[in-house]
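Heads up, input-v9.txt below (compact mmCIF, C-alpha atoms):
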# COMPACT_ATOMS: atom_id res chain seq x y z
CA MET A 1 -21.59 -24.62 33.39
CA ALA A 2 -23.00 -23.47 30.12
CA ARG A 3 -20.50 -23.49 27.31
CA LEU A 4 -19.61 -20.16 25.77
CA ARG A 5 -20.64 -20.08 22.17
CA ARG A 6 -19.79 -17.57 19.52
CA ARG A 7 -22.82 -15.73 18.31
CA PRO A 8 -23.65 -16.82 14.72
CA ARG A 9 -23.12 -14.19 12.05
CA ASP A 10 -26.10 -12.42 10.57
CA PRO A 11 -26.67 -13.80 7.03
CA GLU A 12 -26.88 -10.21 5.75
CA GLY A 13 -23.59 -9.25 7.44
CA ARG A 14 -25.18 -6.89 9.98
CA MET A 15 -23.32 -6.36 13.25
CA THR A 16 -23.91 -4.31 16.37
CA LEU A 17 -21.49 -1.52 17.31
CA ALA A 18 -19.98 -3.69 20.06
CA GLU A 19 -19.49 -6.54 17.59
CA HIS A 20 -17.75 -4.15 15.18
CA PHE A 21 -15.32 -3.16 17.93
CA LYS A 22 -14.66 -6.81 18.80
CA GLU A 23 -14.12 -7.65 15.16
CA PHE A 24 -11.75 -4.69 14.78
CA ARG A 25 -9.81 -5.75 17.88
CA ARG A 26 -9.54 -9.34 16.66
CA ARG A 27 -8.28 -8.40 13.20
CA LEU A 28 -5.92 -5.77 14.60
CA PHE A 29 -4.44 -8.36 16.93
CA ILE A 30 -3.93 -10.83 14.07
CA ALA A 31 -2.26 -8.16 11.92
CA ALA A 32 -0.01 -6.96 14.77
CA ALA A 33 0.97 -10.52 15.74
CA THR A 34 1.86 -11.30 12.15
CA VAL A 35 4.05 -8.21 11.86
CA PHE A 36 5.68 -9.08 15.19
CA VAL A 37 6.54 -12.64 14.15
CA ALA A 38 7.84 -11.47 10.76
CA ALA A 39 9.94 -8.81 12.50
CA ILE A 40 11.53 -11.45 14.75
CA VAL A 41 12.45 -13.54 11.71
CA ALA A 42 13.85 -10.43 10.02
CA GLY A 43 15.93 -9.70 13.12
CA ILE A 44 17.52 -13.14 12.83
CA TYR A 45 18.60 -12.26 9.28
CA TYR A 46 19.57 -8.69 10.16
CA GLU A 47 23.03 -8.69 8.58
CA PRO A 48 21.97 -9.71 5.03
CA ILE A 49 19.06 -7.25 5.26
CA PHE A 50 21.48 -4.54 6.37
CA GLU A 51 23.78 -5.25 3.40
CA PHE A 52 20.82 -5.37 0.99
CA LEU A 53 19.53 -1.94 2.02
CA LYS A 54 23.05 -0.52 2.17
CA ALA A 55 23.79 -1.69 -1.39
CA PRO A 56 22.48 1.51 -3.13
CA PHE A 57 24.73 3.61 -0.89
CA GLN A 58 27.70 1.30 -1.45
CA GLN A 59 27.08 1.44 -5.19
CA TYR A 60 27.55 5.20 -5.17
CA ALA A 61 30.60 4.98 -2.89
CA ASP A 62 32.26 2.42 -5.19
CA ALA A 63 31.51 4.51 -8.30
CA ASN A 64 32.93 7.66 -6.65
CA PRO A 65 36.08 6.65 -4.77
CA GLN A 66 37.15 10.29 -4.55
CA SER A 67 34.14 11.12 -2.36
CA ASP A 68 34.52 11.07 1.42
CA ILE A 69 31.32 9.17 2.22
CA SER A 70 30.48 6.56 4.85
CA ILE A 71 27.74 5.24 7.17
CA ASN A 72 28.37 5.58 10.90
CA PHE A 73 26.66 4.67 14.16
CA ALA A 74 26.76 7.82 16.27
CA GLU A 75 25.93 6.26 19.66
CA ALA A 76 26.40 3.00 21.52
CA THR A 77 22.69 2.17 21.20
CA SER A 78 22.40 3.18 17.53
CA ALA A 79 23.21 -0.29 16.17
CA PHE A 80 20.52 -1.88 18.35
CA SER A 81 17.95 0.80 17.44
CA ASN A 82 18.73 0.24 13.78
CA LEU A 83 18.23 -3.51 14.17
CA ILE A 84 14.78 -2.93 15.70
CA SER A 85 13.65 -0.41 13.09
CA LEU A 86 14.83 -2.48 10.11
CA SER A 87 13.25 -5.63 11.54
CA ILE A 88 9.89 -3.87 11.90
CA PHE A 89 10.19 -2.45 8.37
CA ILE A 90 10.85 -5.88 6.86
CA GLY A 91 8.14 -7.35 9.07
CA VAL A 92 5.58 -4.91 7.68
CA ILE A 93 6.50 -5.77 4.09
CA ALA A 94 6.80 -9.54 4.62
CA SER A 95 3.44 -9.76 6.41
CA SER A 96 1.65 -7.43 3.97
CA PRO A 97 -0.57 -10.20 2.48
CA ILE A 98 -2.03 -10.96 5.91
CA TRP A 99 -2.52 -7.45 7.32
CA MET A 100 -3.94 -6.20 4.02
CA TYR A 101 -6.44 -9.06 4.05
CA GLN A 102 -7.40 -8.31 7.66
CA PHE A 103 -8.02 -4.67 6.76
CA TRP A 104 -10.12 -5.53 3.73
CA ALA A 105 -12.08 -8.27 5.53
CA PHE A 106 -13.03 -5.80 8.26
CA ILE A 107 -14.38 -3.06 6.00
CA VAL A 108 -16.48 -5.35 3.76
CA PRO A 109 -18.27 -7.78 6.09
CA GLY A 110 -21.67 -7.43 4.42
CA LEU A 111 -20.87 -8.47 0.85
CA THR A 112 -22.86 -11.07 -1.04
CA ARG A 113 -21.22 -14.31 -2.15
CA LYS A 114 -20.60 -12.94 -5.65
CA GLU A 115 -19.21 -9.70 -4.27
CA LYS A 116 -16.93 -11.67 -1.95
CA ARG A 117 -15.45 -13.48 -4.95
CA ILE A 118 -14.78 -10.11 -6.58
CA SER A 119 -13.32 -8.77 -3.34
CA LEU A 120 -10.93 -11.72 -3.03
CA THR A 121 -9.63 -10.96 -6.52
CA PHE A 122 -9.45 -7.34 -5.51
CA ILE A 123 -7.44 -7.96 -2.34
CA ALA A 124 -5.21 -10.41 -4.21
CA SER A 125 -4.14 -7.57 -6.48
CA THR A 126 -3.09 -5.33 -3.58
CA VAL A 127 -0.15 -7.47 -2.52
CA PRO A 128 1.54 -7.65 -5.95
CA LEU A 129 0.98 -3.92 -6.44
CA PHE A 130 2.41 -3.08 -3.02
CA LEU A 131 5.46 -5.28 -3.56
CA LEU A 132 5.89 -3.94 -7.11
CA GLY A 133 5.95 -0.40 -5.74
CA CYS A 134 8.51 -1.37 -3.09
CA TRP A 135 10.67 -3.03 -5.74
CA LEU A 136 10.50 0.05 -7.99
CA GLY A 137 11.46 2.30 -5.07
CA TYR A 138 14.48 0.14 -4.29
CA THR A 139 15.44 -0.05 -7.98
CA ILE A 140 15.62 3.71 -8.54
CA LEU A 141 17.16 4.41 -5.13
CA PRO A 142 20.78 4.36 -6.45
CA GLN A 143 19.95 7.00 -9.08
CA SER A 144 18.19 9.18 -6.52
CA LEU A 145 21.07 8.91 -4.07
CA SER A 146 23.53 9.70 -6.84
CA ILE A 147 21.66 12.91 -7.63
CA LEU A 148 21.48 13.94 -3.97
CA TYR A 149 25.07 13.09 -3.07
CA GLY A 150 26.26 14.68 -6.29
CA LEU A 151 25.08 18.06 -4.99
CA SER A 152 27.73 18.05 -2.26
CA PRO A 153 30.35 20.76 -2.96
CA ALA A 154 33.94 19.72 -3.65
CA GLY A 155 36.01 19.20 -0.53
CA THR A 156 33.05 18.30 1.70
CA SER A 157 32.20 14.96 3.34
CA ASN A 158 29.00 12.93 3.46
CA ILE A 159 29.19 11.18 6.81
CA GLN A 160 25.81 9.47 7.07
CA ALA A 161 24.31 8.55 10.43
CA ALA A 162 23.02 4.99 10.02
CA SER A 163 19.67 5.87 11.58
CA MET A 164 19.14 8.77 9.16
CA TYR A 165 20.18 6.77 6.09
CA PHE A 166 18.02 3.73 6.81
CA SER A 167 15.10 5.92 7.83
CA PHE A 168 15.35 7.64 4.46
CA VAL A 169 15.62 4.33 2.59
CA THR A 170 12.68 2.68 4.34
CA ARG A 171 10.44 5.74 3.88
CA PHE A 172 11.46 5.92 0.24
CA ILE A 173 10.53 2.29 -0.40
CA LEU A 174 7.28 2.42 1.60
CA VAL A 175 6.09 5.56 -0.19
CA PHE A 176 6.39 3.74 -3.51
CA GLY A 177 4.70 0.63 -2.14
CA LEU A 178 1.75 2.50 -0.64
CA GLY A 179 1.47 4.76 -3.69
CA PHE A 180 0.91 1.74 -5.89
CA LEU A 181 -2.21 0.90 -3.86
CA PHE A 182 -3.82 4.02 -5.33
CA PRO A 183 -5.77 2.12 -8.07
CA VAL A 184 -6.98 -0.40 -5.48
CA PHE A 185 -8.54 2.47 -3.54
CA LEU A 186 -10.26 3.72 -6.72
CA VAL A 187 -11.68 0.29 -7.56
CA GLY A 188 -12.84 -0.07 -3.95
CA LEU A 189 -14.81 3.17 -4.21
CA ASN A 190 -16.35 1.88 -7.42
CA LEU A 191 -17.37 -1.41 -5.79
CA ILE A 192 -19.36 0.43 -3.14
CA GLY A 193 -20.94 2.67 -5.80
CA ALA A 194 -19.19 5.91 -4.80
CA LEU A 195 -17.05 6.37 -7.92
CA PRO A 196 -18.43 5.33 -11.34
CA ALA A 197 -16.04 4.82 -14.24
CA LYS A 198 -17.46 7.74 -16.21
CA ARG A 199 -16.49 10.11 -13.40
CA LEU A 200 -12.95 8.71 -13.42
CA ILE A 201 -12.45 9.31 -17.12
CA ALA A 202 -14.15 12.72 -16.99
CA GLY A 203 -11.67 13.94 -14.37
CA TRP A 204 -8.50 12.40 -15.81
CA ARG A 205 -6.78 15.75 -16.41
CA PHE A 206 -7.26 16.81 -12.81
CA ALA A 207 -6.16 13.34 -11.66
CA ILE A 208 -2.88 13.53 -13.61
CA VAL A 209 -2.04 16.90 -12.07
CA ALA A 210 -2.97 15.60 -8.61
CA ILE A 211 -0.76 12.52 -9.10
CA PHE A 212 2.28 14.62 -9.98
CA VAL A 213 1.66 16.95 -7.03
CA PHE A 214 1.32 13.93 -4.75
CA ALA A 215 4.52 12.42 -6.16
CA ALA A 216 6.39 15.67 -5.56
CA VAL A 217 5.19 15.91 -1.97
CA ALA A 218 5.30 12.23 -0.99
CA THR A 219 8.79 11.30 -2.21
CA PRO A 220 11.54 12.06 0.33
CA THR A 221 13.77 13.48 -2.41
CA ALA A 222 13.23 16.77 -4.23
CA ASP A 223 14.66 15.78 -7.61
CA PRO A 224 12.39 15.66 -10.70
CA PHE A 225 13.74 12.24 -11.73
CA THR A 226 12.28 10.49 -8.68
CA MET A 227 9.01 12.40 -8.98
CA PHE A 228 8.56 11.41 -12.63
CA VAL A 229 9.49 7.74 -12.07
CA PHE A 230 6.93 7.61 -9.24
CA ALA A 231 4.17 9.55 -11.00
CA ALA A 232 4.36 7.88 -14.42
CA PRO A 233 3.36 4.37 -13.22
CA LEU A 234 0.61 5.89 -11.07
CA CYS A 235 -0.85 7.54 -14.18
CA VAL A 236 -0.83 4.18 -15.97
CA LEU A 237 -2.43 2.50 -12.95
CA TYR A 238 -5.09 5.24 -12.86
CA PHE A 239 -6.25 4.35 -16.37
CA GLY A 240 -5.97 0.66 -15.49
CA ALA A 241 -8.31 1.26 -12.54
CA TRP A 242 -10.69 3.10 -14.88
CA ALA A 243 -10.75 0.08 -17.23
CA VAL A 244 -11.57 -2.27 -14.32
CA CYS A 245 -14.26 0.10 -13.04
CA ARG A 246 -15.77 0.28 -16.54
CA VAL A 247 -16.10 -3.51 -16.65
CA LEU A 248 -17.64 -3.56 -13.17
CA ASP A 249 -20.12 -0.81 -14.11
CA LYS A 250 -21.20 -2.77 -17.20
CA ARG A 251 -21.82 -5.83 -15.06
CA LYS A 252 -23.83 -3.78 -12.59
CA ALA A 253 -25.90 -2.30 -15.43
CA ALA A 254 -26.55 -5.76 -16.93
CA ASN A 255 -27.79 -7.07 -13.58
CA ARG A 256 -29.87 -3.99 -12.77
CA PRO A 257 -33.63 -4.82 -12.52
CA ASP A 258 -35.77 -3.11 -15.17
CA TRP A 259 -38.30 -1.88 -12.61
CA LEU A 260 -35.68 0.44 -11.08
CA ASP A 261 -35.71 2.54 -14.27
CA VAL A 262 -39.47 3.13 -14.19
CA ASP A 263 -40.48 6.75 -13.59
CA ASP A 264 -42.07 7.51 -10.22
CA THR A 265 -45.29 8.57 -11.96
CA GLU A 266 -45.64 5.25 -13.84
CA ALA A 267 -46.82 1.88 -12.61
CA SER A 268 -44.10 -0.67 -11.94
CA PRO A 269 -44.31 -4.10 -13.69
CA LEU A 270 -44.21 -5.59 -10.21
As a first step, turn the structure in this file into structure tokens.
Amino acid sequence: MARLRRRPRDPEGRMTLAEHFKEFRRRLFIAAATVFVAAIVAGIYYEPIFEFLKAPFQQYADANPQSDISINFAEATSAFSNLISLSIFIGVIASSPIWMYQFWAFIVPGLTRKEKRISLTFIASTVPLFLLGCWLGYTILPQSLSILYGLSPAGTSNIQAASMYFSFVTRFILVFGLGFLFPVFLVGLNLIGALPAKRLIAGWRFAIVAIFVFAAVATPTADPFTMFVFAAPLCVLYFGAWAVCRVLDKRKAANRPDWLDVDDTEASPL
């Protein structure tokens, strides 16, 4: 019986449509399996994770002993559902280096060796930015909860369903983490030639307004404090992305062949 052999890759990175689907399926499976394994490990350490995510709520409760506030499981299955959802959430964050790499490796299969080195640096920056955004979201969570709970009229109670509280907390943290990938997206567009640095700096005023609108819509809370804390770092990262794109554009210009700048009506040196 003839042995099954994997078809060698095209040196220029070209693939048929069927090969693209197979590649997508393979990388999706790796990403999903990684999240699944990380979620199982998170489930084993469910109690410390529960206490860690509950800490911002407990901080407010301890600082306001006069408030009638607590977290409750409304149904018999609520505790189990909460364990599953928190395990998946932690699994997504813990496995982020792998699934982000799988995503990036799928969309840029045809890069040259030099471009691959740049792309590895590029993908390496996504993980710290994502985790930095998640950390910032968790850090300002107590202040945001304090503002929201502080709006409760005197004499009322804040009995929080565990599923609602942890859903809010996980969405809050993920929004910050994903928002911090914004400059990575901009640099990616620059790498493929769709967004030069001069266009980024020319539209900075519109970009700042768009960032604040996005921050207002994306954050689960409606308070201006959270919006500003989210939008301000994104503005800084926007100009950081512009600086990186400017360096990349200069390198592209330095490596650009002279014959490409010859007018169509003139004879090329070639």
(request) Mind giving me the straight-line distance from atom CA of A:Leu136 to atom CA of A:Thr121 in Å, one decimal? (result)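 That distance, rounded to one decimal, is 23.0 Å.
Take the candidates A:Ala154, A:Phe225, A:Thr34, A:Val41 and check each one against A:Pro142 using all atoms listed in the file; the shortest distance goes to A:Phe225.
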(request) Enumerate, as a VMD selection string, the protein, DNA and RNA residues whose atoms approach (26.6, 4.6, 13.6) to within 12 Å, taking into account only C-alpha atoms and the coordinate frame of the file. (result) chain A and resid 70 to 83 159 to 166
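Between atom CA of A:Val229 and atom CA of A:Leu145 the interatomic distance comes to 14.1 Å.
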Would you list the contacts of A:Ile40 as a PDB file with C-alpha atoms, in the coordinates of the input, taking every protein, DNA or RNA residue within 9 Å and counting only C-alpha atoms, but skipping same-chain residues closer than 4 positions in sequence?
ATOM      1  CA  VAL A  35       4.050  -8.210  11.860  1.00  0.00           C
ATOM      2  CA  PHE A  36       5.680  -9.080  15.190  1.00  0.00           C
ATOM      3  CA  ILE A  44      17.520 -13.140  12.830  1.00  0.00           C
ATOM      4  CA  TYR A  45      18.600 -12.260   9.280  1.00  0.00           C
ATOM      5  CA  SER A  87      13.250  -5.630  11.540  1.00  0.00           C
ATOM      6  CA  ILE A  88       9.890  -3.870  11.900  1.00  0.00           C
ATOM      7  CA  GLY A  91       8.140  -7.350   9.070  1.00  0.00           C
TER       8      GLY A  91
END
(request) Might you pull out every residue within 10 Å of A:Asn64, with only C-alpha atoms counted and same-chain residues fewer than 6 positions away left off, and present them as a VMD selection string? (result) chain A and resid 58 146 150
(request) Please return, as a ChimeraX atom specification, all polymer residues that have at least one atom within 7 Å of the point (8.5, 4.9, -3.6); use only C-alpha atoms and the file's own coordinate frame. (result) /A:133-134,136-137,172-177,219,230
(message) Could you check the closest approach to A:Val187 for each of A:Cys235, A:Ile208, A:Leu200, A:Ala55 and tell me which residue wins, using only C-alpha atoms?
(response) A:Leu200
(request) May I ask which of the residues A:Leu191, A:Ala39, A:Ala232, A:Ala216 is the closest one to A:Val247, counting all atoms listed in the file? (result)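 That would be A:Leu191, the residue with the smallest distance to A:Val247.
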(message) I'd like to know which of A:Ala254, A:Leu186, A:Leu148, A:Ala194 is closest to A:Pro224, using all atoms listed in the file.
(response)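 Closest residue, counting all atoms listed in the file: A:Leu148.
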Neighbour list for A:Val169 as an mmCIF file with C-alpha atoms, in the frame of the given file, cut-off 9 Å, all atoms listed in the file, skip fewer than 6 positions in-chain:
data_model
loop_
_atom_site.group_PDB
_atom_site.id
_atom_site.type_symbol
_atom_site.label_atom_id
_atom_site.label_comp_id
_atom_site.auth_asym_id
_atom_site.auth_seq_id
_atom_site.Cartn_x
_atom_site.Cartn_y
_atom_site.Cartn_z
ATOM 1 C CA LEU A 53 19.530 -1.940 2.020
ATOM 2 C CA LYS A 54 23.050 -0.520 2.170
ATOM 3 C CA GLY A 137 11.460 2.300 -5.070
ATOM 4 C CA TYR A 138 14.480 0.140 -4.290
ATOM 5 C CA LEU A 141 17.160 4.410 -5.130
#
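Relative to atom CA of A:Met227, atom CA of A:Ser144 is found at 10.0 Å.
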(request) Return the single residue from A:Ile90, A:Val213, A:Ile30, A:Ala18 that is closest to A:Tyr46, with distances computed using only C-alpha atoms. (result)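 Once distances to A:Tyr46 are computed over only C-alpha atoms, the minimum belongs to A:Ile90.
Of the residues listed (A:Phe89, A:Phe228, A:Phe103, A:Phe182), A:Phe103 shows the shortest atom-to-atom separation from A:Phe24; distances use only C-alpha atoms.
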Give, as AutoDock Vina command-line options, the centre coordinates and the x, y and z edge lengths in Å to one decimal for an axis-aligned box around all listed atoms of stretch 154-161 of chain A, padded by 8 Å on each side.
--center_x 30.2 --center_y 14.1 --center_z 3.4 --size_x 27.7 --size_y 27.2 --size_z 30.1
Please, could all heavy atoms be added to stretch 123-134 of chain A and the result written as a PDB file, keeping the file's coordinate frame?
ATOM      1  N   ILE A 123      -8.469  -7.983  -3.380  1.00  0.00           N
ATOM      2  CA  ILE A 123      -7.440  -7.960  -2.340  1.00  0.00           C
ATOM      3  C   ILE A 123      -6.189  -8.689  -2.815  1.00  0.00           C
ATOM      4  O   ILE A 123      -5.069  -8.352  -2.429  1.00  0.00           O
ATOM      5  CB  ILE A 123      -7.958  -8.583  -1.018  1.00  0.00           C
ATOM      6  CG1 ILE A 123      -6.951  -8.355   0.118  1.00  0.00           C
ATOM      7  CG2 ILE A 123      -8.262 -10.041  -1.181  1.00  0.00           C
ATOM      8  CD1 ILE A 123      -6.690  -6.909   0.450  1.00  0.00           C
ATOM      9  N   ALA A 124      -6.372  -9.698  -3.683  1.00  0.00           N
ATOM     10  CA  ALA A 124      -5.210 -10.410  -4.210  1.00  0.00           C
ATOM     11  C   ALA A 124      -4.332  -9.505  -5.050  1.00  0.00           C
ATOM     12  O   ALA A 124      -3.124  -9.731  -5.150  1.00  0.00           O
ATOM     13  CB  ALA A 124      -5.663 -11.617  -5.036  1.00  0.00           C
ATOM     14  N   SER A 125      -4.930  -8.478  -5.653  1.00  0.00           N
ATOM     15  CA  SER A 125      -4.140  -7.570  -6.480  1.00  0.00           C
ATOM     16  C   SER A 125      -3.359  -6.566  -5.639  1.00  0.00           C
ATOM     17  O   SER A 125      -2.392  -5.969  -6.134  1.00  0.00           O
ATOM     18  CB  SER A 125      -5.054  -6.815  -7.455  1.00  0.00           C
ATOM     19  OG  SER A 125      -5.916  -5.932  -6.749  1.00  0.00           O
ATOM     20  N   THR A 126      -3.765  -6.341  -4.396  1.00  0.00           N
ATOM     21  CA  THR A 126      -3.090  -5.330  -3.580  1.00  0.00           C
ATOM     22  C   THR A 126      -1.668  -5.741  -3.222  1.00  0.00           C
ATOM     23  O   THR A 126      -0.766  -4.905  -3.221  1.00  0.00           O
ATOM     24  CB  THR A 126      -3.878  -5.051  -2.287  1.00  0.00           C
ATOM     25  OG1 THR A 126      -3.945  -6.242  -1.498  1.00  0.00           O
ATOM     26  CG2 THR A 126      -5.282  -4.564  -2.594  1.00  0.00           C
ATOM     27  N   VAL A 127      -1.480  -7.013  -2.928  1.00  0.00           N
ATOM     28  CA  VAL A 127      -0.150  -7.470  -2.520  1.00  0.00           C
ATOM     29  C   VAL A 127       0.876  -7.343  -3.640  1.00  0.00           C
ATOM     30  O   VAL A 127       1.947  -6.761  -3.445  1.00  0.00           O
ATOM     31  CB  VAL A 127      -0.209  -8.910  -1.974  1.00  0.00           C
ATOM     32  CG1 VAL A 127       1.188  -9.406  -1.632  1.00  0.00           C
ATOM     33  CG2 VAL A 127      -1.104  -8.981  -0.755  1.00  0.00           C
ATOM     34  N   PRO A 128       0.570  -7.846  -4.866  1.00  0.00           N
ATOM     35  CA  PRO A 128       1.540  -7.650  -5.950  1.00  0.00           C
ATOM     36  C   PRO A 128       1.811  -6.174  -6.245  1.00  0.00           C
ATOM     37  O   PRO A 128       2.964  -5.799  -6.519  1.00  0.00           O
ATOM     38  CB  PRO A 128       0.891  -8.338  -7.155  1.00  0.00           C
ATOM     39  CG  PRO A 128      -0.048  -9.318  -6.570  1.00  0.00           C
ATOM     40  CD  PRO A 128      -0.551  -8.686  -5.312  1.00  0.00           C
ATOM     41  N   LEU A 129       0.778  -5.336  -6.177  1.00  0.00           N
ATOM     42  CA  LEU A 129       0.980  -3.920  -6.440  1.00  0.00           C
ATOM     43  C   LEU A 129       1.864  -3.278  -5.368  1.00  0.00           C
ATOM     44  O   LEU A 129       2.760  -2.480  -5.672  1.00  0.00           O
ATOM     45  CB  LEU A 129      -0.361  -3.190  -6.511  1.00  0.00           C
ATOM     46  CG  LEU A 129      -1.161  -3.368  -7.806  1.00  0.00           C
ATOM     47  CD1 LEU A 129      -2.537  -2.737  -7.669  1.00  0.00           C
ATOM     48  CD2 LEU A 129      -0.419  -2.758  -8.991  1.00  0.00           C
ATOM     49  N   PHE A 130       1.603  -3.623  -4.118  1.00  0.00           N
ATOM     50  CA  PHE A 130       2.410  -3.080  -3.020  1.00  0.00           C
ATOM     51  C   PHE A 130       3.875  -3.507  -3.158  1.00  0.00           C
ATOM     52  O   PHE A 130       4.793  -2.682  -3.055  1.00  0.00           O
ATOM     53  CB  PHE A 130       1.840  -3.557  -1.687  1.00  0.00           C
ATOM     54  CG  PHE A 130       2.632  -3.131  -0.485  1.00  0.00           C
ATOM     55  CD1 PHE A 130       2.640  -1.812  -0.069  1.00  0.00           C
ATOM     56  CD2 PHE A 130       3.387  -4.062   0.228  1.00  0.00           C
ATOM     57  CE1 PHE A 130       3.373  -1.412   1.034  1.00  0.00           C
ATOM     58  CE2 PHE A 130       4.121  -3.670   1.339  1.00  0.00           C
ATOM     59  CZ  PHE A 130       4.121  -2.346   1.737  1.00  0.00           C
ATOM     60  N   LEU A 131       4.096  -4.788  -3.422  1.00  0.00           N
ATOM     61  CA  LEU A 131       5.460  -5.280  -3.560  1.00  0.00           C
ATOM     62  C   LEU A 131       6.130  -4.728  -4.815  1.00  0.00           C
ATOM     63  O   LEU A 131       7.341  -4.458  -4.819  1.00  0.00           O
ATOM     64  CB  LEU A 131       5.456  -6.816  -3.595  1.00  0.00           C
ATOM     65  CG  LEU A 131       4.962  -7.503  -2.321  1.00  0.00           C
ATOM     66  CD1 LEU A 131       4.965  -9.018  -2.482  1.00  0.00           C
ATOM     67  CD2 LEU A 131       5.807  -7.095  -1.114  1.00  0.00           C
ATOM     68  N   LEU A 132       5.350  -4.545  -5.887  1.00  0.00           N
ATOM     69  CA  LEU A 132       5.890  -3.940  -7.110  1.00  0.00           C
ATOM     70  C   LEU A 132       6.353  -2.518  -6.841  1.00  0.00           C
ATOM     71  O   LEU A 132       7.420  -2.094  -7.306  1.00  0.00           O
ATOM     72  CB  LEU A 132       4.843  -3.958  -8.219  1.00  0.00           C
ATOM     73  CG  LEU A 132       5.240  -3.286  -9.551  1.00  0.00           C
ATOM     74  CD1 LEU A 132       6.429  -4.017 -10.176  1.00  0.00           C
ATOM     75  CD2 LEU A 132       4.057  -3.266 -10.509  1.00  0.00           C
ATOM     76  N   GLY A 133       5.555  -1.767  -6.084  1.00  0.00           N
ATOM     77  CA  GLY A 133       5.950  -0.400  -5.740  1.00  0.00           C
ATOM     78  C   GLY A 133       7.209  -0.376  -4.889  1.00  0.00           C
ATOM     79  O   GLY A 133       8.100   0.449  -5.116  1.00  0.00           O
ATOM     80  N   CYS A 134       7.297  -1.297  -3.921  1.00  0.00           N
ATOM     81  CA  CYS A 134       8.510  -1.370  -3.090  1.00  0.00           C
ATOM     82  C   CYS A 134       9.728  -1.716  -3.934  1.00  0.00           C
ATOM     83  O   CYS A 134      10.809  -1.145  -3.748  1.00  0.00           O
ATOM     84  CB  CYS A 134       8.320  -2.423  -1.988  1.00  0.00           C
ATOM     85  SG  CYS A 134       7.111  -1.977  -0.718  1.00  0.00           S
TER      86      CYS A 134
END
